[in-house]
Amino acid sequence: MRPLYVCAALLAAFAAPLFSQTPKVMMPEDLFRRNIGTKESQHKQFPPFKIVGNLYYVGTESLASFLIVTPAGDILINSCYEKDVPTIKNSVEKLGFRFSDIKILLGSHAHADHMEGDALVKQLTGARLMVMEKDIPGLLKIMPEGKPQVVDRVLQDKAEVNWGGVSLIARLTPGHTPGCTTWTTKIQENGKSYNVVIICSLGVNPGYQLVNNKQNPLIAAEYTRTFKVMRSLPCDIPLGSHPAMFDMAEKYAKIGKSATNPFIDPEGYIKEIDVNEQAFNLRRAQQLEAIESSTAGASTAQ
Ligand SMILES: [Zn+2]
């Protein structure tokens with residue numbers, strides 16, 4: 001039954017492009033490559049710009065960093081690699097803000113490309129670092145040049161970060177990391193309020209074991225629950241820890257070309273969840289199939 005099930009899943013996935021509504025099938029490796037970009041793009045400054053209201057982009061071509069400006073000081077989401085911190089600082093200044101005004105530092109998840117720079121940002125600004133509890137062990141292992149990471153506030157699912165009239169909610173969306181954090185907030189512009197979702201990551205990295213994972217037996221259940229949580233979040237403006245998750249370059253090119261903000265893209269949000277869930281299901285089916293055929297081989301050998 002299993003191989004049949006796998007074949008059916010693969011067939012369904014590859015037949016999908018025939019139906020115009022269904023997104024193109026991407027495997028986890030395709031999404032991984034799409035997200036991380038090249039070494040060069042990871043460290044190359046993207047022109048800083050206003051996304052909506054008081055929310056700005058200050059990251060690189062393939063590593064996202066966001067600045068929310070408030071009268072009480074600013075919030076930075078994602079410090080990226082430590083070597084990217086001067087680039088982020090430059091982007092903040094190019095927009096006319098002061099890096100030292102950053103009072104709160106948040107992150108998507110405890111991988112070096114999003115949070116390695118936390119210690120340096122804290123050193124330069126004195127900002128308070130707030131991290132989802134389940135990602136703290138991972139973060140503490142990321143010590144650029146031996147610098148320890150110091151967490152000022154431990155977060156749980158649905159924790160609120162209220163600062164300067166902005167309210168951010170931390171949603172625990174594990175799988176990619178145990179404490180993967182999707183940030184949601186409402187941003188106002190021209191009398192309208194927009195639901196913003198900064199996707200942590202829904203990706204299954206190369207080498208991730210979804211079946212028979214001894215370190216984390218619940219990993220597949222975590223991903224499945226995360227996809228459900230993501231679908232429950234109202235979203236007008238999808239963002240994410242990598243610009244490719246929300247087609248940033250394409251949308252940036254459209255700024256000012258029409259009356260509507262190109263970053264308003266609720267369909268793009270659903271598409272991003274779909275494409276990742278499909279990749280997750282395909283990888284899990286492949287791993288199940290591999291384990292079952294090796295078990296079958298072992299019992300024949302006996
Ligand atoms: Zn990651």
# chains A, B, ... in the order shown; residues from 1 in each chain; ligands from 1
$ residues_near_ligand --ligand "ligand 1" --cutoff "8 Å" --atoms "only C-alpha atoms and all ligand atoms" --output "PyMOL selection string"
chain A and resi 109-114+176-177+201+203+205
$ closest_atom_pairs --of "range 116-221 of chain A" --to "range 281-299 of chain A" --cutoff "8 Å" --atoms "only C-alpha atoms" --output "tab-separated table"
residue	atom	partner	partner_atom	distance
A:Gln209	CA	A:Gln287	CA	7.8
A:Leu210	CA	A:Arg284	CA	5.9
A:Val211	CA	A:Gln287	CA	6.4
A:Ala220	CA	A:Arg284	CA	7.9
$ residues_around --residues "range 67-74 of chain A" --least-positions-apart "4" --cutoff "7 Å" --atoms "only C-alpha atoms" --output "PyMOL selection string"
chain A and resi 54-58+101-104+164
$ write_last_selection --atoms "C-alpha atoms" --output "PDB file, in the first residue's frame"
ATOM      1  CA  ASN A  54       5.881  52.614   9.789  1.00  0.00           C
ATOM      2  CA  LEU A  55       7.286  49.279   8.560  1.00  0.00           C
ATOM      3  CA  TYR A  56      10.504  49.327   6.511  1.00  0.00           C
ATOM      4  CA  TYR A  57      12.794  46.817   4.808  1.00  0.00           C
ATOM      5  CA  VAL A  58      16.439  47.066   5.911  1.00  0.00           C
ATOM      6  CA  ASP A 101      17.031  54.197  18.423  1.00  0.00           C
ATOM      7  CA  ILE A 102      16.457  50.435  18.174  1.00  0.00           C
ATOM      8  CA  LYS A 103      15.017  49.442  21.538  1.00  0.00           C
ATOM      9  CA  ILE A 104      13.649  45.970  20.843  1.00  0.00           C
ATOM     10  CA  GLY A 164       5.303  52.686  21.087  1.00  0.00           C
TER      11      GLY A 164
END
$ residues_around --residues "Ser91 in chain A" --least-positions-apart "2" --cutoff "8 Å" --atoms "only C-alpha atoms" --output "MDAnalysis selection string"
chainID A and resid 45 47:48 58:59 87:89 93:95
$ closest_residue --among "A:Tyr252, A:Ile264, A:Asn212, A:Pro206" --to "Asp30 in chain A" --atoms "only C-alpha atoms"
A:Pro206
$ closest_residue --among "A:Thr260, A:Ser62, A:Thr38, A:Ser167" --to "Thr185 in chain A" --atoms "only C-alpha atoms"
A:Ser167
$ residues_around --residues "Ala249 in chain A" --least-positions-apart "3" --cutoff "10 Å" --atoms "only C-alpha atoms" --output "PyMOL selection string"
chain A and resi 46+61-62+243-244+246+252-254
$ closest_residue --among "A:Phe263, A:Glu250, A:Thr224, A:Val204" --to "Ile237 in chain A" --atoms "only C-alpha atoms"
A:Phe263
